[in-house]
file model09.json (JSON, C-alpha atoms)
[["chain", "number", "residue", "atom", "x", "y", "z"],
["A", 1, "MET", "CA", 173.83, 205.65, 209.75],
["A", 2, "ARG", "CA", 172.59, 205.69, 213.33],
["A", 3, "ILE", "CA", 174.33, 208.52, 215.19],
["A", 4, "VAL", "CA", 174.84, 209.70, 218.77],
["A", 5, "ILE", "CA", 175.95, 213.33, 219.20],
["A", 6, "ALA", "CA", 177.69, 214.64, 222.34],
["A", 7, "GLU", "CA", 178.18, 218.43, 222.21],
["A", 8, "ASP", "CA", 177.62, 220.97, 224.99],
["A", 9, "GLN", "CA", 176.81, 223.90, 222.70],
["A", 10, "VAL", "CA", 173.09, 223.61, 222.05],
["A", 11, "LEU", "CA", 173.06, 225.39, 218.69],
["A", 12, "LEU", "CA", 175.91, 223.31, 217.31],
["A", 13, "ARG", "CA", 174.41, 220.10, 218.70],
["A", 14, "GLU", "CA", 171.06, 220.79, 217.08],
["A", 15, "GLY", "CA", 172.73, 221.98, 213.88],
["A", 16, "LEU", "CA", 174.73, 218.75, 213.60],
["A", 17, "ALA", "CA", 171.58, 216.73, 214.16],
["A", 18, "MET", "CA", 169.81, 218.61, 211.37],
["A", 19, "LEU", "CA", 172.74, 218.09, 208.98],
["A", 20, "PHE", "CA", 172.70, 214.35, 209.56],
["A", 21, "VAL", "CA", 168.93, 214.05, 209.29],
["A", 22, "ASP", "CA", 168.90, 216.11, 206.08],
["A", 23, "GLY", "CA", 171.62, 213.77, 204.81],
["A", 24, "GLY", "CA", 169.34, 210.78, 205.27],
["A", 25, "HIS", "CA", 170.75, 209.53, 208.57],
["A", 26, "GLU", "CA", 169.12, 208.83, 211.95],
["A", 27, "VAL", "CA", 170.20, 210.68, 215.08],
["A", 28, "VAL", "CA", 169.25, 208.32, 217.90],
["A", 29, "ALA", "CA", 170.49, 210.46, 220.84],
["A", 30, "THR", "CA", 171.94, 213.90, 221.59],
["A", 31, "LEU", "CA", 173.85, 214.66, 224.80],
["A", 32, "GLY", "CA", 175.06, 217.86, 226.45],
["A", 33, "ASP", "CA", 178.04, 216.26, 228.19],
["A", 34, "ALA", "CA", 180.30, 213.23, 227.92],
["A", 35, "GLU", "CA", 179.30, 211.49, 231.14],
["A", 36, "GLU", "CA", 176.45, 209.47, 229.61],
["A", 37, "LEU", "CA", 178.09, 208.81, 226.25],
["A", 38, "LEU", "CA", 179.15, 205.22, 226.87],
["A", 39, "ALA", "CA", 175.74, 204.34, 228.30],
["A", 40, "ALA", "CA", 174.01, 205.89, 225.29],
["A", 41, "VAL", "CA", 176.19, 203.92, 222.88],
["A", 42, "THR", "CA", 175.46, 200.70, 224.76],
["A", 43, "SER", "CA", 171.73, 201.43, 224.67],
["A", 44, "TYR", "CA", 171.32, 202.70, 221.11],
["A", 45, "ARG", "CA", 174.09, 200.79, 219.26],
["A", 46, "PRO", "CA", 174.89, 203.60, 216.80],
["A", 47, "ASP", "CA", 177.19, 203.35, 213.80],
["A", 48, "LEU", "CA", 178.85, 206.65, 214.66],
["A", 49, "VAL", "CA", 179.52, 208.85, 217.67],
["A", 50, "VAL", "CA", 180.21, 212.55, 217.09],
["A", 51, "ALA", "CA", 181.69, 214.23, 220.17],
["A", 52, "ASP", "CA", 183.38, 217.47, 221.17],
["A", 53, "ILE", "CA", 186.80, 216.94, 222.76],
["A", 54, "ARG", "CA", 186.31, 219.60, 225.47],
["A", 55, "MET", "CA", 183.07, 219.11, 227.38],
["A", 56, "PRO", "CA", 181.62, 219.74, 230.86],
["A", 57, "PRO", "CA", 182.44, 219.72, 233.65],
["A", 58, "GLY", "CA", 186.13, 220.49, 233.14],
["A", 59, "PHE", "CA", 186.22, 221.47, 229.47],
["A", 60, "SER", "CA", 189.56, 219.71, 229.01],
["A", 61, "ASP", "CA", 189.53, 216.26, 227.39],
["A", 62, "GLU", "CA", 186.26, 214.75, 228.66],
["A", 63, "GLY", "CA", 185.00, 214.03, 225.15],
["A", 64, "ALA", "CA", 188.24, 212.36, 224.11],
["A", 65, "ARG", "CA", 188.31, 210.16, 227.22],
["A", 66, "ALA", "CA", 184.67, 209.18, 226.67],
["A", 67, "ALA", "CA", 185.51, 208.34, 223.05],
["A", 68, "GLN", "CA", 188.33, 206.08, 224.22],
["A", 69, "ALA", "CA", 185.90, 204.30, 226.54],
["A", 70, "VAL", "CA", 183.47, 203.84, 223.66],
["A", 71, "LYS", "CA", 186.15, 202.38, 221.39],
["A", 72, "ARG", "CA", 187.33, 199.99, 224.09],
["A", 73, "ALA", "CA", 183.80, 198.74, 224.79],
["A", 74, "HIS", "CA", 182.45, 198.93, 221.23],
["A", 75, "PRO", "CA", 185.36, 198.89, 218.75],
["A", 76, "GLU", "CA", 182.95, 198.55, 215.83],
["A", 77, "VAL", "CA", 181.47, 202.02, 216.48],
["A", 78, "GLY", "CA", 183.01, 204.89, 214.53],
["A", 79, "VAL", "CA", 184.09, 207.94, 216.55],
["A", 80, "LEU", "CA", 184.39, 211.43, 215.08],
["A", 81, "LEU", "CA", 185.86, 214.03, 217.45],
["A", 82, "LEU", "CA", 185.35, 217.75, 216.88],
["A", 83, "SER", "CA", 187.37, 220.61, 218.34],
["A", 84, "GLN", "CA", 187.98, 224.33, 217.97],
["A", 85, "HIS", "CA", 191.67, 223.76, 218.67],
["A", 86, "ILE", "CA", 194.42, 221.47, 217.37],
["A", 87, "GLU", "CA", 195.02, 218.86, 220.05],
["A", 88, "THR", "CA", 197.39, 216.02, 219.21],
["A", 89, "GLN", "CA", 197.16, 213.47, 222.01],
["A", 90, "PRO", "CA", 193.61, 212.23, 221.25],
["A", 91, "VAL", "CA", 194.70, 211.59, 217.67],
["A", 92, "VAL", "CA", 197.73, 209.53, 218.66],
["A", 93, "ASP", "CA", 195.75, 207.45, 221.15],
["A", 94, "LEU", "CA", 192.75, 206.72, 218.93],
["A", 95, "VAL", "CA", 193.85, 206.62, 215.30],
["A", 96, "ALA", "CA", 195.33, 203.14, 215.66],
["A", 97, "LEU", "CA", 191.91, 201.74, 216.55],
["A", 98, "GLY", "CA", 190.33, 202.41, 213.14],
["A", 99, "GLY", "CA", 186.95, 204.00, 212.59],
["A", 100, "PHE", "CA", 188.24, 207.30, 213.94],
["A", 101, "GLY", "CA", 188.12, 210.90, 212.79],
["A", 102, "TYR", "CA", 189.22, 214.26, 214.16],
["A", 103, "LEU", "CA", 188.06, 217.48, 212.51],
["A", 104, "LEU", "CA", 188.17, 221.12, 213.46],
["A", 105, "LYS", "CA", 184.66, 222.49, 213.91],
["A", 106, "ASP", "CA", 184.85, 224.86, 210.96],
["A", 107, "ARG", "CA", 184.95, 221.79, 208.67],
["A", 108, "VAL", "CA", 181.24, 221.36, 209.41],
["A", 109, "LEU", "CA", 180.59, 224.37, 207.17],
["A", 110, "ASP", "CA", 181.48, 222.26, 204.13],
["A", 111, "VAL", "CA", 178.48, 220.01, 204.56],
["A", 112, "SER", "CA", 179.16, 217.52, 201.78],
["A", 113, "GLU", "CA", 182.79, 217.00, 202.83],
["A", 114, "PHE", "CA", 181.81, 216.73, 206.48],
["A", 115, "LEU", "CA", 179.13, 214.12, 205.81],
["A", 116, "ALA", "CA", 181.50, 212.17, 203.57],
["A", 117, "ALA", "CA", 184.11, 212.13, 206.34],
["A", 118, "ALA", "CA", 181.52, 211.01, 208.90],
["A", 119, "GLU", "CA", 180.33, 208.21, 206.65],
["A", 120, "ARG", "CA", 183.92, 207.08, 206.05],
["A", 121, "VAL", "CA", 184.58, 206.90, 209.79],
["A", 122, "ALA", "CA", 181.36, 204.95, 210.38],
["A", 123, "ARG", "CA", 182.55, 202.39, 207.82],
["A", 124, "GLY", "CA", 185.80, 201.88, 209.75],
["A", 125, "GLY", "CA", 187.95, 204.40, 207.88],
["A", 126, "SER", "CA", 189.68, 207.55, 209.07],
["A", 127, "ALA", "CA", 189.25, 211.29, 208.64],
["A", 128, "LEU", "CA", 191.88, 213.61, 210.08],
["A", 129, "ASP", "CA", 191.75, 217.36, 209.65],
["A", 130, "PRO", "CA", 194.40, 218.58, 207.19],
["A", 131, "GLN", "CA", 195.50, 221.34, 209.60],
["A", 132, "VAL", "CA", 196.04, 218.81, 212.37],
["A", 133, "VAL", "CA", 197.97, 216.46, 210.12],
["A", 134, "ALA", "CA", 200.09, 219.25, 208.63],
["A", 135, "GLY", "CA", 201.02, 220.53, 212.07],
["A", 136, "LEU", "CA", 202.04, 217.09, 213.25],
["A", 137, "VAL", "CA", 204.01, 216.29, 210.13],
["A", 138, "ALA", "CA", 205.95, 219.54, 210.40],
["A", 139, "ARG", "CA", 207.08, 218.62, 213.90],
["A", 140, "SER", "CA", 207.92, 214.96, 213.24],
["A", 141, "ASP", "CA", 211.68, 214.25, 213.32],
["A", 142, "PRO", "CA", 211.40, 210.67, 211.94],
["A", 143, "LEU", "CA", 210.16, 212.19, 208.70],
["A", 144, "ALA", "CA", 213.31, 214.20, 208.04],
["A", 145, "LEU", "CA", 214.23, 212.02, 205.03],
["A", 146, "LEU", "CA", 210.92, 212.61, 203.24],
["A", 147, "THR", "CA", 210.65, 215.08, 200.39],
["A", 148, "ASP", "CA", 207.97, 217.78, 200.44],
["A", 149, "ARG", "CA", 205.84, 215.76, 198.03],
["A", 150, "GLU", "CA", 206.23, 212.58, 200.10],
["A", 151, "ARG", "CA", 205.17, 214.50, 203.22],
["A", 152, "GLU", "CA", 202.16, 215.78, 201.29],
["A", 153, "VAL", "CA", 201.24, 212.23, 200.30],
["A", 154, "LEU", "CA", 201.62, 211.11, 203.92],
["A", 155, "GLU", "CA", 199.34, 213.94, 205.08],
["A", 156, "LEU", "CA", 196.65, 212.78, 202.66],
["A", 157, "MET", "CA", 197.12, 209.16, 203.72],
["A", 158, "ALA", "CA", 196.48, 210.32, 207.30],
["A", 159, "GLU", "CA", 193.29, 212.06, 206.19],
["A", 160, "GLY", "CA", 192.08, 208.65, 205.05],
["A", 161, "LEU", "CA", 192.46, 209.03, 201.28],
["A", 162, "THR", "CA", 193.23, 206.04, 199.07],
["A", 163, "ASN", "CA", 195.95, 206.20, 196.42],
["A", 164, "SER", "CA", 193.26, 207.04, 193.89],
["A", 165, "GLY", "CA", 191.93, 209.83, 196.10],
["A", 166, "ILE", "CA", 195.43, 211.21, 196.63],
["A", 167, "ALA", "CA", 196.06, 211.19, 192.88],
["A", 168, "LYS", "CA", 192.92, 213.23, 192.28],
["A", 169, "ARG", "CA", 193.79, 215.70, 195.03],
["A", 170, "LEU", "CA", 197.33, 216.25, 193.72],
["A", 171, "TYR", "CA", 196.44, 216.07, 190.02],
["A", 172, "VAL", "CA", 198.95, 213.30, 189.35],
["A", 173, "SER", "CA", 198.64, 209.72, 188.15],
["A", 174, "GLU", "CA", 197.84, 206.92, 190.56],
["A", 175, "ARG", "CA", 201.10, 205.25, 189.54],
["A", 176, "THR", "CA", 203.01, 208.34, 190.68],
["A", 177, "VAL", "CA", 201.24, 208.22, 194.04],
["A", 178, "GLU", "CA", 202.07, 204.51, 194.39],
["A", 179, "ALA", "CA", 205.74, 205.37, 193.88],
["A", 180, "HIS", "CA", 205.62, 208.10, 196.51],
["A", 181, "VAL", "CA", 203.93, 205.74, 198.97],
["A", 182, "ARG", "CA", 206.63, 203.11, 198.40],
["A", 183, "HIS", "CA", 209.30, 205.74, 199.06],
["A", 184, "VAL", "CA", 207.57, 206.76, 202.28],
["A", 185, "PHE", "CA", 207.48, 203.14, 203.47],
["A", 186, "THR", "CA", 211.15, 202.66, 202.57],
["A", 187, "LYS", "CA", 212.41, 205.87, 204.17],
["A", 188, "MET", "CA", 210.42, 205.21, 207.34],
["A", 189, "ALA", "CA", 211.85, 201.67, 207.49],
["A", 190, "LEU", "CA", 208.44, 200.06, 207.70],
["A", 191, "PRO", "CA", 208.39, 196.25, 207.44],
["A", 192, "GLU", "CA", 207.33, 194.52, 204.26],
["A", 193, "THR", "CA", 203.73, 193.54, 204.94],
["A", 194, "GLU", "CA", 200.23, 194.33, 203.73],
["A", 195, "ASP", "CA", 200.13, 197.89, 202.35],
["A", 196, "GLY", "CA", 196.99, 198.74, 204.33],
["A", 197, "HIS", "CA", 198.79, 197.86, 207.56],
["A", 198, "ARG", "CA", 201.90, 199.80, 206.54],
["A", 199, "ARG", "CA", 199.74, 202.86, 205.83],
["A", 200, "VAL", "CA", 198.52, 202.74, 209.43],
["A", 201, "LEU", "CA", 202.08, 202.31, 210.71],
["A", 202, "ALA", "CA", 203.26, 205.26, 208.64],
["A", 203, "VAL", "CA", 200.51, 207.51, 209.99],
["A", 204, "LEU", "CA", 201.12, 206.36, 213.57],
["A", 205, "THR", "CA", 204.85, 207.01, 213.25],
["A", 206, "HIS", "CA", 204.52, 210.64, 212.34],
["A", 207, "LEU", "CA", 201.58, 211.31, 214.67],
["A", 208, "SER", "CA", 203.45, 209.83, 217.62],
["A", 209, "ALA", "CA", 206.57, 211.81, 216.78],
["A", 210, "GLY", "CA", 204.60, 215.01, 216.39],
["A", 211, "ALA", "CA", 202.94, 214.60, 219.78],
["A", 212, "ARG", "CA", 206.22, 214.44, 221.68]]
call {"tool": "encode", "arguments": {"input": "model09.json", "output": "structure tokens"}}
result
Amino acid sequence: MRIVIAEDQVLLREGLAMLFVDGGHEVVATLGDAEELLAAVTSYRPDLVVADIRMPPGFSDEGARAAQAVKRAHPEVGVLLLSQHIETQPVVDLVALGGFGYLLKDRVLDVSEFLAAAERVARGGSALDPQVVAGLVARSDPLALLTDREREVLELMAEGLTNSGIAKRLYVSERTVEAHVRHVFTKMALPETEDGHRRVLAVLTHLSAGAR
């Protein structure tokens, strides 16, 4: 992968760069703020952007807004946002675009999982932090009909796992997961269409509800 990193903390920025390089990837640019992110993406054409949500000058949502600009201008570029805090609105706005991830910064400590998530996002997949997803699911009224297990399956769907990946995580058969997924679609009244599209709709439904 070709990667652009936008992170104001120098040690974390350099540490991320080293992780990616050691993982066999190329870091084509590192930035200390979000202001030049779109220009850097246009110049370097990376596969992935890794950006902090809160960056100078305001330390509010500069990174998230820059990420939205990147996805509008270059939808093929994967965007992985990092944060020390659970913030829901960037997830709701960006997850529908594909090639998007949002992880809490402590996930970087599990290097293999972090790199796998980054690679998945660069390929157009998703990677949402389990804590973020769990918090949103717990607050989502439209999910009131789901059982605890169905909510758990939906959380893992939101993290970007396939049915096979969910089965391995929950130590159940793939057929069991398929049944839970069907129940989720039915209870959420999602239209009969391609399962991949319905997965996105299911995730968007509970994320949008949780952000209200």
call {"tool": "atom_distance", "arguments": {"input": "model09.json", "atom1": "atom CA of A:Glu76", "atom2": "atom CA of A:Ala116"}}
result
18.4 Å
call {"tool": "closest_residue", "arguments": {"input": "model09.json", "among": "A:Ala189, A:Ala122, A:Val111, A:Val172", "to": "A:Leu146", "atoms": "only C-alpha atoms"}}
result
A:Ala189
call {"tool": "atom_distance", "arguments": {"input": "model09.json", "atom1": "atom CA of A:Glu152", "atom2": "atom CA of A:Gln68"}}
result
28.5 Å
call {"tool": "closest_residue", "arguments": {"input": "model09.json", "among": "A:Leu31, A:Leu204, A:Ala66, A:Ile53", "to": "A:Leu16", "atoms": "all atoms listed in the file"}}
result
A:Leu31
call {"tool": "atom_distance", "arguments": {"input": "model09.json", "atom1": "atom CA of A:Asn163", "atom2": "atom CA of A:Met1"}}
result
25.8 Å
call {"tool": "closest_residue", "arguments": {"input": "model09.json", "among": "A:Ala158, A:Leu207, A:Leu143, A:Val153", "to": "A:Val181", "atoms": "only C-alpha atoms"}}
result
A:Val153
call {"tool": "closest_residue", "arguments": {"input": "model09.json", "among": "A:Asp8, A:Val41, A:Asp110, A:Met18", "to": "A:Ser83", "atoms": "all atoms listed in the file"}}
result
A:Asp8
call {"tool": "build_atoms", "arguments": {"input": "model09.json", "residues": "stretch 113-124 of chain A", "atoms": "all heavy atoms", "output": "compact mmCIF listing (two decimals), in the frame of the given file"}}
result
# COMPACT_ATOMS: atom_id res chain seq x y z
N GLU A 113 181.52 217.59 202.39
CA GLU A 113 182.79 217.00 202.83
C GLU A 113 182.68 216.44 204.24
O GLU A 113 183.21 215.37 204.56
CB GLU A 113 183.91 218.03 202.76
CG GLU A 113 184.37 218.37 201.35
CD GLU A 113 185.13 217.23 200.70
OE1 GLU A 113 185.73 216.42 201.42
OE2 GLU A 113 185.10 217.13 199.47
N PHE A 114 181.97 217.17 205.10
CA PHE A 114 181.81 216.73 206.48
C PHE A 114 181.03 215.42 206.54
O PHE A 114 181.42 214.47 207.24
CB PHE A 114 181.10 217.80 207.30
CG PHE A 114 180.76 217.36 208.69
CD1 PHE A 114 181.75 217.22 209.66
CD2 PHE A 114 179.45 217.07 209.05
CE1 PHE A 114 181.45 216.81 210.94
CE2 PHE A 114 179.14 216.66 210.33
CZ PHE A 114 180.13 216.52 211.28
N LEU A 115 179.93 215.34 205.81
CA LEU A 115 179.13 214.12 205.81
C LEU A 115 179.91 212.95 205.21
O LEU A 115 179.82 211.82 205.70
CB LEU A 115 177.83 214.34 205.05
CG LEU A 115 176.80 215.25 205.73
CD1 LEU A 115 175.56 215.42 204.84
CD2 LEU A 115 176.39 214.72 207.09
N ALA A 116 180.69 213.23 204.17
CA ALA A 116 181.50 212.17 203.57
C ALA A 116 182.52 211.64 204.57
O ALA A 116 182.75 210.42 204.66
CB ALA A 116 182.20 212.69 202.31
N ALA A 117 183.14 212.55 205.32
CA ALA A 117 184.11 212.13 206.34
C ALA A 117 183.44 211.31 207.42
O ALA A 117 183.96 210.28 207.87
CB ALA A 117 184.79 213.36 206.94
N ALA A 118 182.26 211.74 207.86
CA ALA A 118 181.52 211.01 208.90
C ALA A 118 181.15 209.61 208.43
O ALA A 118 181.28 208.63 209.17
CB ALA A 118 180.27 211.79 209.30
N GLU A 119 180.70 209.51 207.19
CA GLU A 119 180.33 208.21 206.65
C GLU A 119 181.55 207.30 206.54
O GLU A 119 181.47 206.09 206.79
CB GLU A 119 179.65 208.40 205.29
CG GLU A 119 178.29 209.06 205.40
CD GLU A 119 177.77 209.58 204.06
OE1 GLU A 119 178.46 209.38 203.03
OE2 GLU A 119 176.70 210.21 204.05
N ARG A 120 182.68 207.87 206.16
CA ARG A 120 183.92 207.08 206.05
C ARG A 120 184.32 206.52 207.42
O ARG A 120 184.72 205.35 207.54
CB ARG A 120 185.03 207.95 205.47
CG ARG A 120 186.31 207.19 205.14
CD ARG A 120 187.19 207.98 204.20
NE ARG A 120 187.73 209.19 204.77
CZ ARG A 120 187.42 210.43 204.35
NH1 ARG A 120 186.58 210.60 203.35
NH2 ARG A 120 187.97 211.49 204.91
N VAL A 121 184.23 207.34 208.45
CA VAL A 121 184.58 206.90 209.79
C VAL A 121 183.62 205.80 210.26
O VAL A 121 184.05 204.80 210.86
CB VAL A 121 184.55 208.09 210.77
CG1 VAL A 121 184.66 207.61 212.22
CG2 VAL A 121 185.68 209.06 210.45
N ALA A 122 182.34 205.96 209.97
CA ALA A 122 181.36 204.95 210.38
C ALA A 122 181.62 203.61 209.71
O ALA A 122 181.30 202.55 210.28
CB ALA A 122 179.94 205.43 210.05
N ARG A 123 182.23 203.63 208.53
CA ARG A 123 182.55 202.39 207.82
C ARG A 123 183.88 201.79 208.28
O ARG A 123 184.33 200.79 207.73
CB ARG A 123 182.60 202.64 206.31
CG ARG A 123 181.26 203.00 205.68
CD ARG A 123 181.33 202.90 204.16
NE ARG A 123 182.33 203.79 203.62
CZ ARG A 123 182.09 205.04 203.20
NH1 ARG A 123 180.86 205.53 203.28
NH2 ARG A 123 183.06 205.78 202.69
N GLY A 124 184.54 202.41 209.25
CA GLY A 124 185.80 201.88 209.75
C GLY A 124 187.02 202.59 209.22
O GLY A 124 188.15 202.19 209.52
